[in-house]
>>> print(open('my_file.pdb').read())   # PDB, C-alpha atoms
ATOM      1  CA  MET A   6      -3.864 -36.075 -17.370
ATOM      2  CA  SER A   7      -0.381 -37.188 -18.385
ATOM      3  CA  ASN A   8       2.800 -37.384 -16.361
ATOM      4  CA  LEU A   9       6.321 -36.948 -17.590
ATOM      5  CA  LEU A  10       8.500 -39.245 -15.512
ATOM      6  CA  VAL A  11      12.108 -38.097 -15.456
ATOM      7  CA  GLN A  12      15.019 -38.636 -13.136
ATOM      8  CA  ASN A  13      17.865 -37.087 -15.154
ATOM      9  CA  ILE A  14      17.962 -34.503 -17.894
ATOM     10  CA  LYS A  15      21.015 -34.925 -20.082
ATOM     11  CA  HIS A  16      22.713 -33.129 -22.891
ATOM     12  CA  THR A  17      23.051 -35.021 -26.188
ATOM     13  CA  ASN A  18      26.716 -35.606 -25.333
ATOM     14  CA  GLY A  19      25.642 -37.627 -22.272
ATOM     15  CA  THR A  20      26.484 -35.168 -19.491
ATOM     16  CA  THR A  21      23.798 -34.756 -16.832
ATOM     17  CA  ALA A  22      22.462 -31.219 -16.560
ATOM     18  CA  GLN A  23      19.716 -31.755 -13.983
ATOM     19  CA  THR A  24      18.700 -34.486 -11.554
ATOM     20  CA  ILE A  25      15.336 -34.842  -9.809
ATOM     21  CA  ASP A  26      15.303 -37.021  -6.674
ATOM     22  CA  SER A  27      12.368 -39.060  -5.307
ATOM     23  CA  SER A  28      11.229 -36.109  -3.154
ATOM     24  CA  GLY A  29      11.071 -33.791  -6.164
ATOM     25  CA  ASN A  30      14.192 -31.824  -5.260
ATOM     26  CA  THR A  31      16.157 -30.614  -8.269
ATOM     27  CA  THR A  32      19.948 -30.514  -8.506
ATOM     28  CA  LEU A  33      21.618 -28.651 -11.347
ATOM     29  CA  SER A  34      24.971 -29.930 -12.576
ATOM     30  CA  GLY A  35      27.760 -28.543 -14.701
ATOM     31  CA  ASN A  36      29.137 -25.073 -15.160
ATOM     32  CA  LEU A  37      26.351 -22.662 -14.362
ATOM     33  CA  THR A  38      26.646 -18.985 -15.159
ATOM     34  CA  THR A  39      24.125 -16.168 -15.105
ATOM     35  CA  SER A  40      23.638 -16.724 -18.821
ATOM     36  CA  SER A  41      22.530 -20.296 -18.054
ATOM     37  CA  PHE A  42      19.163 -19.023 -16.919
ATOM     38  CA  VAL A  43      16.836 -17.308 -19.355
ATOM     39  CA  THR A  44      14.339 -14.891 -17.897
ATOM     40  CA  ALA A  45      11.613 -13.211 -19.875
ATOM     41  CA  LYS A  46      11.804  -9.429 -19.903
ATOM     42  CA  THR A  47       8.637  -7.440 -19.547
ATOM     43  CA  PRO A  48       8.624  -4.934 -22.417
ATOM     44  CA  ALA A  49       9.412  -1.512 -20.961
ATOM     45  CA  PHE A  50      10.881   1.852 -21.898
ATOM     46  CA  LYS A  51      11.644   5.240 -20.364
ATOM     47  CA  ALA A  52      12.726   8.337 -22.289
ATOM     48  CA  ARG A  53      13.488  11.920 -21.273
ATOM     49  CA  LEU A  54      14.246  15.296 -22.776
ATOM     50  CA  SER A  55      17.843  16.029 -23.680
ATOM     51  CA  ALA A  56      17.245  19.828 -23.654
ATOM     52  CA  ASN A  57      14.483  22.309 -22.809
ATOM     53  CA  GLN A  58      11.558  22.409 -25.256
ATOM     54  CA  THR A  59       9.145  25.240 -26.051
ATOM     55  CA  ILE A  60       5.439  24.416 -26.204
ATOM     56  CA  ASN A  61       3.661  26.886 -28.496
ATOM     57  CA  GLN A  62       0.534  28.579 -27.212
ATOM     58  CA  SER A  63      -2.678  26.555 -27.773
ATOM     59  CA  THR A  64      -0.942  24.027 -30.029
ATOM     60  CA  TRP A  65      -0.579  20.289 -29.528
ATOM     61  CA  THR A  66       3.179  19.723 -29.480
ATOM     62  CA  LYS A  67       4.890  16.340 -29.548
ATOM     63  CA  VAL A  68       7.381  16.178 -26.692
ATOM     64  CA  SER A  69      10.835  15.424 -28.060
ATOM     65  CA  PHE A  70      11.940  12.669 -25.725
ATOM     66  CA  ALA A  71      15.257  11.989 -27.459
ATOM     67  CA  THR A  72      17.213  10.296 -24.670
ATOM     68  CA  GLU A  73      16.499   6.669 -23.792
ATOM     69  CA  VAL A  74      16.896   5.745 -20.162
ATOM     70  CA  LEU A  75      15.529   2.220 -20.686
ATOM     71  CA  ASP A  76      14.386   0.348 -23.787
ATOM     72  CA  ASN A  77      14.792  -3.363 -23.147
ATOM     73  CA  LYS A  78      13.143  -4.454 -26.416
ATOM     74  CA  ALA A  79      14.442  -1.663 -28.710
ATOM     75  CA  TRP A  80      10.898  -0.563 -29.605
ATOM     76  CA  TYR A  81      11.388   3.139 -28.779
ATOM     77  CA  ASP A  82      12.375   5.414 -31.674
ATOM     78  CA  THR A  83      14.492   8.380 -30.467
ATOM     79  CA  SER A  84      14.266  10.187 -33.813
ATOM     80  CA  ASN A  85      10.441  10.133 -34.000
ATOM     81  CA  TYR A  86       9.907  10.081 -30.190
ATOM     82  CA  ARG A  87       7.597   7.113 -30.656
ATOM     83  CA  TYR A  88       7.018   3.764 -28.920
ATOM     84  CA  THR A  89       5.765   0.916 -31.133
ATOM     85  CA  PRO A  90       5.352  -2.207 -28.983
ATOM     86  CA  GLN A  91       5.622  -5.492 -30.860
ATOM     87  CA  GLN A  92       3.718  -7.526 -28.264
ATOM     88  CA  ALA A  93      -0.060  -7.254 -28.038
ATOM     89  CA  GLY A  94      -1.460  -6.281 -24.678
ATOM     90  CA  PHE A  95      -2.303  -3.485 -22.279
ATOM     91  CA  TYR A  96       0.477  -0.983 -21.552
ATOM     92  CA  LEU A  97       0.637   1.473 -18.670
ATOM     93  CA  PHE A  98       2.088   4.817 -19.747
ATOM     94  CA  THR A  99       3.234   7.552 -17.360
ATOM     95  CA  LEU A 100       3.921  11.131 -18.450
ATOM     96  CA  ASN A 101       5.801  13.698 -16.311
ATOM     97  CA  LEU A 102       6.182  17.318 -17.461
ATOM     98  CA  PHE A 103       7.830  20.227 -15.620
ATOM     99  CA  GLN A 104       6.451  23.376 -17.248
ATOM    100  CA  SER A 105       7.429  26.994 -16.834
ATOM    101  CA  PRO A 106       4.562  29.492 -16.716
ATOM    102  CA  GLY A 107       5.736  31.416 -19.778
ATOM    103  CA  SER A 108       5.599  35.173 -19.357
ATOM    104  CA  GLY A 109       1.974  35.165 -18.172
ATOM    105  CA  ASN A 110      -0.173  33.233 -15.792
ATOM    106  CA  SER A 111      -0.651  29.722 -17.066
ATOM    107  CA  GLN A 112      -4.334  29.033 -17.497
ATOM    108  CA  ARG A 113      -4.552  25.474 -18.772
ATOM    109  CA  ARG A 114      -2.147  22.587 -19.363
ATOM    110  CA  ILE A 115      -2.935  19.246 -20.945
ATOM    111  CA  GLY A 116      -0.730  16.164 -21.174
ATOM    112  CA  ALA A 117      -1.720  13.352 -23.502
ATOM    113  CA  ILE A 118      -0.560  10.064 -24.914
ATOM    114  CA  ASN A 119      -1.341   9.888 -28.604
ATOM    115  CA  LYS A 120      -2.244   6.453 -29.980
ATOM    116  CA  ASN A 121      -2.165   6.272 -33.777
ATOM    117  CA  GLY A 122      -3.098   9.962 -34.082
ATOM    118  CA  THR A 123      -5.780  10.058 -31.356
ATOM    119  CA  TYR A 124      -5.145  11.963 -28.122
ATOM    120  CA  HIS A 125      -5.859  10.221 -24.832
ATOM    121  CA  ARG A 126      -5.642  12.800 -22.068
ATOM    122  CA  VAL A 127      -3.542  11.876 -19.092
ATOM    123  CA  TRP A 128      -4.502  15.101 -17.317
ATOM    124  CA  ASP A 129      -6.180  18.442 -18.000
ATOM    125  CA  GLN A 130      -5.215  21.002 -15.405
ATOM    126  CA  VAL A 131      -6.223  24.621 -14.773
ATOM    127  CA  ILE A 132      -3.535  26.619 -12.945
ATOM    128  CA  THR A 133      -3.948  30.213 -11.824
ATOM    129  CA  SER A 134      -0.423  31.078 -10.733
ATOM    130  CA  THR A 135       2.851  32.129 -12.278
ATOM    131  CA  ASP A 136       4.701  29.147 -10.785
ATOM    132  CA  ALA A 137       6.451  26.416 -12.714
ATOM    133  CA  VAL A 138       4.506  23.188 -12.211
ATOM    134  CA  LEU A 139       5.329  19.491 -12.313
ATOM    135  CA  THR A 140       2.334  17.632 -13.714
ATOM    136  CA  ASN A 141       2.057  13.908 -14.192
ATOM    137  CA  GLY A 142      -0.395  11.161 -14.848
ATOM    138  CA  SER A 143      -0.817   7.625 -16.124
ATOM    139  CA  ILE A 144      -3.084   5.870 -18.576
ATOM    140  CA  LEU A 145      -3.652   2.236 -19.579
ATOM    141  CA  LEU A 146      -3.945   1.667 -23.345
ATOM    142  CA  GLU A 147      -4.176  -1.423 -25.528
ATOM    143  CA  ALA A 148      -1.650  -2.151 -28.301
ATOM    144  CA  ASN A 149      -2.132  -4.614 -31.151
ATOM    145  CA  GLY A 150       1.507  -5.745 -31.058
ATOM    146  CA  SER A 151       2.423  -4.729 -34.598
ATOM    147  CA  SER A 152       1.416  -1.301 -35.903
ATOM    148  CA  ASP A 153       0.008   0.659 -32.930
ATOM    149  CA  TYR A 154       2.304   3.494 -31.893
ATOM    150  CA  PHE A 155       2.323   5.894 -28.958
ATOM    151  CA  GLU A 156       3.666   9.435 -28.563
ATOM    152  CA  ALA A 157       3.607  12.011 -25.758
ATOM    153  CA  TYR A 158       2.059  15.452 -26.336
ATOM    154  CA  ASN A 159       1.621  18.677 -24.411
ATOM    155  CA  TRP A 160      -0.800  21.576 -24.885
ATOM    156  CA  ALA A 161      -0.786  24.852 -22.946
ATOM    157  CA  GLN A 162      -2.764  28.062 -22.912
ATOM    158  CA  THR A 163      -1.626  31.159 -21.005
ATOM    159  CA  SER A 164      -3.356  34.426 -20.109
ATOM    160  CA  ASN A 165      -1.164  36.496 -22.429
ATOM    161  CA  ALA A 166      -0.648  33.914 -25.213
ATOM    162  CA  SER A 167       2.983  33.294 -24.248
ATOM    163  CA  ASP A 168       4.719  29.988 -24.879
ATOM    164  CA  VAL A 169       5.502  27.501 -22.098
ATOM    165  CA  VAL A 170       8.863  25.792 -21.705
ATOM    166  CA  LEU A 171       9.365  22.189 -20.643
ATOM    167  CA  SER A 172      12.484  22.402 -18.521
ATOM    168  CA  ASN A 173      14.587  20.519 -16.025
ATOM    169  CA  VAL A 174      15.215  17.380 -18.030
ATOM    170  CA  ASP A 175      15.377  15.302 -14.832
ATOM    171  CA  TYR A 176      11.637  15.846 -14.331
ATOM    172  CA  VAL A 177      10.450  15.626 -17.932
ATOM    173  CA  ASN A 178      10.041  12.007 -19.038
ATOM    174  CA  TRP A 179       7.621   9.341 -20.085
ATOM    175  CA  SER A 180       7.627   5.605 -19.703
ATOM    176  CA  GLY A 181       5.569   2.534 -20.409
ATOM    177  CA  PHE A 182       5.492  -1.149 -19.745
ATOM    178  CA  LEU A 183       3.383  -4.193 -20.553
ATOM    179  CA  VAL A 184       0.855  -4.895 -17.804
ATOM    180  CA  THR A 185      -0.762  -7.939 -19.387
ATOM    181  CA  ALA A 186      -0.566  -9.631 -22.768
ATOM    182  CA  THR A 187      -3.724 -10.224 -24.795
TER
END
>>> encode(input="my_file.pdb", output="structure tokens")
Amino acid sequence: MSNLLVQNIKHTNGTTAQTIDSSGNTTLSGNLTTSSFVTAKTPAFKARLSANQTINQSTWTKVSFATEVLDNKAWYDTSNYRYTPQQAGFYLFTLNLFQSPGSGNSQRRIGAINKNGTYHRVWDQVITSTDAVLTNGSILLEANGSSDYFEAYNWAQTSNASDVVLSNVDYVNWSGFLVTAT
């Protein structure tokens, strides 16, 4: 085991930036601002609908999350409604959808996160009422940190083959963040 023995940390111009006393207490010197401290940001995003969206009967439909609420690494694409994380690891995704019943009783609703063209169901719900329903769920998926991409999808089937509408943009969103790097 090696030890780094330091009492003062100085800039190349000779000014002392940090002093460590014999008890291990650290004193920072100079003009400190909030930009003086660098903190690592956990990759995260949240996107929502900007208008109602129709989900066609018995058809997987990509949800058009066109409005960014948060995207601290600029990895979310608002034109393709796609998240492509550039850091390898496990990401927790959450999907929230507020769905109208269409003009008939809603029979089945599925929410999914699509990874590179493969659906990973977040929920699969059978509903036997004519009520609008808020459905949500989460899933943990691994990303390779370069080419893996993620998209949110919805599928619905109603008793009379009517379409379902995702409405109330405050309740229709998806998000994701890095849980642990690999």
>>> atom_distance(input="my_file.pdb", atom1="CA of Gln162 (chain A)", atom2="CA of Asn119 (chain A)")
19.1 Å
>>> closest_residue(input="my_file.pdb", among="A:Val127, A:Ala56, A:Ile115, A:Ala45", to="Ile144 (chain A)", atoms="all atoms listed in the file")
A:Val127
>>> residues_around(input="my_file.pdb", residues="Thr99 (chain A)", least_positions_apart="6", cutoff="6 Å", atoms="all atoms listed in the file", output="ChimeraX atom specification")
/A:142-143,179-180
>>> resolve_selection(input="my_file.pdb", expression="the PyMOL selection byres ((chain A and resi 62) around 12)", output="JSON, numbers by chain")
{"A": [59, 60, 61, 63, 64, 65, 66, 106, 107, 108, 109, 111, 112, 113, 114, 115, 159, 160, 161, 162, 163, 164, 165, 166, 167, 168, 169, 170]}
>>> closest_residue(input="my_file.pdb", among="A:Asn77, A:Thr24, A:Asn178, A:Ser134", to="Lys46 (chain A)", atoms="all atoms listed in the file")
A:Asn77
>>> resolve_selection(input="my_file.pdb", expression="the PyMOL selection byres ((chain A and resi 148) around 8)", output="list in words")
Pro90, Gln92, Ala93, Gly94, Phe95, Tyr96, Leu146, Glu147, Asn149, Gly150, Ser151, Asp153 and Tyr154 of chain A
>>> residues_around(input="my_file.pdb", residues="Val138 (chain A)", least_positions_apart="6", cutoff="9 Å", atoms="only C-alpha atoms", output="CSV table (one decimal) with C-alpha atoms, in the frame of the given file")
chain,number,residue,atom,x,y,z
A,102,LEU,CA,6.2,17.3,-17.5
A,103,PHE,CA,7.8,20.2,-15.6
A,104,GLN,CA,6.5,23.4,-17.2
A,105,SER,CA,7.4,27.0,-16.8
A,106,PRO,CA,4.6,29.5,-16.7
A,132,ILE,CA,-3.5,26.6,-12.9
>>> atom_distance(input="my_file.pdb", atom1="CA of Ser152 (chain A)", atom2="CA of Lys67 (chain A)")
19.1 Å
>>> atom_distance(input="my_file.pdb", atom1="CA of Ser55 (chain A)", atom2="CA of Tyr86 (chain A)")
11.9 Å
>>> closest_residue(input="my_file.pdb", among="A:Arg53, A:Arg87, A:Lys78, A:Lys15", to="Asp175 (chain A)", atoms="only C-alpha atoms")
A:Arg53
>>> closest_residue(input="my_file.pdb", among="A:Ile25, A:Val74, A:Val131, A:Val177", to="Leu10 (chain A)", atoms="all atoms listed in the file")
A:Ile25
>>> closest_residue(input="my_file.pdb", among="A:Val184, A:Ala71, A:Ile118, A:Ala49", to="Asn141 (chain A)", atoms="all atoms listed in the file")
A:Ile118
>>> residues_around(input="my_file.pdb", residues="Asp82 (chain A)", least_positions_apart="4", cutoff="10 Å", atoms="all atoms listed in the file", output="ChimeraX atom specification")
/A:52,70-73,76,86-89
>>> closest_residue(input="my_file.pdb", among="A:Tyr176, A:Phe182, A:Trp128, A:Tyr158", to="Tyr81 (chain A)", atoms="only C-alpha atoms")
A:Phe182
>>> axis_aligned_box(input="my_file.pdb", around="region 118-130 of chain A", padding_each_side="4 Å", output="JSON")
{"center_x": -3.4, "center_y": 13.6, "center_z": -24.7, "size_x": 13.6, "size_y": 22.7, "size_z": 26.7}
